[in-house]
Amino acid sequence: GDVFARCAGDPAAPLLLYVHGSGPQNSSMNWNMLVVDVERLAKDHATQNRGGCAFPSSFFHVAIDCPGYGRSPGNRQTIRSYPGGLLSSIVAALGRKSAVALIGSSQGACAVFNCALECPELGHTLAVCHPVGHAPQRYTKISQPSLLIFDIEDAGHPVEVGRQMRRYLQDARYFEFARSVDGDWECNHMGEELVKMLVGSWPNIDRRKAGGRRLDRMPELTRVSGGFRSWNEAHGSEWLPWCGLGEFGVEPEPPSAAAAAVVAATAAGLSEDSNDAWRAEVERGTNGAVVVVYRHIATGRTSKIPRPKGAAAAAAAAAA
């Protein structure tokens, strides 16, 4: 069956695949702000290291609505029972043999680890926040570099399990925080730590065949099912990015406009010189809330949600 996905970035670039958690209103939208962070940090790294490491300046970000969630039909049990089969089918539908990283939250994190056990060549690195997992002693077989982030105050995702994961994984980068003390640490730092891991792992990834890139000999089994609004706006009762935490929560760390720039023009094949290009920016409102503002690149005119007519479209695809 079909799987809906929010997609951003360069479709020819290496793939990052995102898997959300099990909350009843959870969906691919959970990852929107992380996608923006990672894309910005990748571009920053490429700019600062010209002539050095061959680390890509862009990725192809694909965040799925798991079957039965968001805009994907199907049974919610699929991601729990068949994580390797589902995620490998999605990677293949995108014309690839592997993803640079499999990224998951909560139930999605459990799916990422189980997929790594079932299909060890599918993801070159793993990154999870608030993971749950069964029998983490099995993770001794997982050799990929793995980023783990735990909130020690989150009873639904016991930190004791996380510490077992750290013990058993072969190559773990492990972080703990307390939300009452550190705020929404994962929202503010997961992108930074993920890019650090990818930069350090890139020489090994780049030597792998394809390394998460599109293979011409493989068919791409996707179709476009929306534009930038489909990526940027909540569908029905979807939870907002980070399930409402971070930039959309209480007293977030205010990001700069540059940090919040969305790659709409890039995904649409437009440059910043295009008269039709708008850029999404996150700004502090008069009441202290953080809001998304669209700025027309050519004129500087601004408009708040919904997206202004004619704004540059980013791809949102459904993978068959």
# chains A, B, ... in the order shown; residues from 1 in each chain; ligands from 1
call {"tool": "select_by_dssp", "arguments": {"residues": "segment 33-206 of chain A", "states": "helix (DSSP H, G or I)", "output": "PyMOL selection string"}}
result
chain A and resi 33-48+78-81+83-93+107-118+136-141+159-168+179-182+185-206
call {"tool": "residues_around", "arguments": {"residues": "segment 192-203 of chain A", "least_positions_apart": "5", "cutoff": "9 Å", "atoms": "only C-alpha atoms", "output": "JSON, numbers by chain"}}
result
{"A": [37, 38, 41, 42, 45, 53, 54, 55, 100, 101, 124, 125, 127, 145, 146, 147, 173]}
call {"tool": "residues_around", "arguments": {"residues": "His235 of chain A", "least_positions_apart": "2", "cutoff": "10 Å", "atoms": "only C-alpha atoms", "output": "ChimeraX atom specification"}}
result
/A:25,27,29,70-71,229-233,237-240
call {"tool": "write_last_selection", "arguments": {"atoms": "N, CA and C atoms", "output": "tab-separated table (two decimals), in the first residue's frame"}}
result
chain	number	residue	atom	x	y	z
A	25	GLN	N	-1.86	11.00	17.51
A	25	GLN	CA	-1.84	12.08	16.51
A	25	GLN	C	-0.42	12.33	16.01
A	27	SER	N	2.92	11.84	13.64
A	27	SER	CA	3.04	11.73	12.18
A	27	SER	C	4.41	12.21	11.76
A	29	MET	N	5.11	14.99	10.68
A	29	MET	CA	5.31	16.39	11.04
A	29	MET	C	6.18	16.55	12.28
A	70	GLY	N	-1.36	9.60	10.41
A	70	GLY	CA	-1.32	10.72	9.49
A	70	GLY	C	-2.11	10.45	8.23
A	71	ARG	N	-1.44	10.58	7.08
A	71	ARG	CA	-2.12	10.40	5.79
A	71	ARG	C	-1.83	9.05	5.16
A	229	ARG	N	2.75	23.54	1.30
A	229	ARG	CA	1.73	23.54	2.35
A	229	ARG	C	1.51	22.14	2.90
A	230	SER	N	1.58	21.15	2.03
A	230	SER	CA	1.41	19.76	2.46
A	230	SER	C	2.51	19.35	3.41
A	231	TRP	N	3.70	19.92	3.24
A	231	TRP	CA	4.84	19.63	4.12
A	231	TRP	C	4.74	20.44	5.40
A	232	ASN	N	4.37	21.70	5.29
A	232	ASN	CA	4.54	22.66	6.37
A	232	ASN	C	3.34	22.75	7.31
A	233	GLU	N	2.14	22.41	6.84
A	233	GLU	CA	0.95	22.60	7.65
A	233	GLU	C	0.43	21.28	8.21
A	237	SER	N	-5.64	16.57	12.82
A	237	SER	CA	-5.26	16.79	14.22
A	237	SER	C	-3.81	16.39	14.50
A	238	GLU	N	-2.97	16.41	13.46
A	238	GLU	CA	-1.55	16.06	13.66
A	238	GLU	C	-0.92	16.92	14.75
A	239	TRP	N	-0.07	16.28	15.54
A	239	TRP	CA	0.74	17.04	16.48
A	239	TRP	C	1.75	17.88	15.72
A	240	LEU	N	2.10	19.02	16.30
A	240	LEU	CA	3.10	19.90	15.69
A	240	LEU	C	4.49	19.30	15.86
call {"tool": "closest_residue", "arguments": {"among": "A:Ala8, A:Phe60, A:Leu126, A:His157", "to": "Asp171 of chain A", "atoms": "only C-alpha atoms"}}
result
A:Leu126
call {"tool": "residues_around", "arguments": {"residues": "Cys115 of chain A", "least_positions_apart": "6", "cutoff": "10 Å", "atoms": "only C-alpha atoms", "output": "ChimeraX atom specification"}}
result
/A:79,82-88,102,109,121-123
call {"tool": "closest_residue", "arguments": {"among": "A:Asp10, A:Pro158, A:Leu94, A:Arg166", "to": "Ser57 of chain A", "atoms": "only C-alpha atoms"}}
result
A:Asp10
call {"tool": "atom_distance", "arguments": {"atom1": "atom CA of Asp44 of chain A", "atom2": "atom CA of Gly227 of chain A"}}
result
25.8 Å
call {"tool": "residues_around", "arguments": {"residues": "Ser143 of chain A", "least_positions_apart": "3", "cutoff": "8 Å", "atoms": "only C-alpha atoms", "output": "ChimeraX atom specification"}}
result
/A:140,169-171
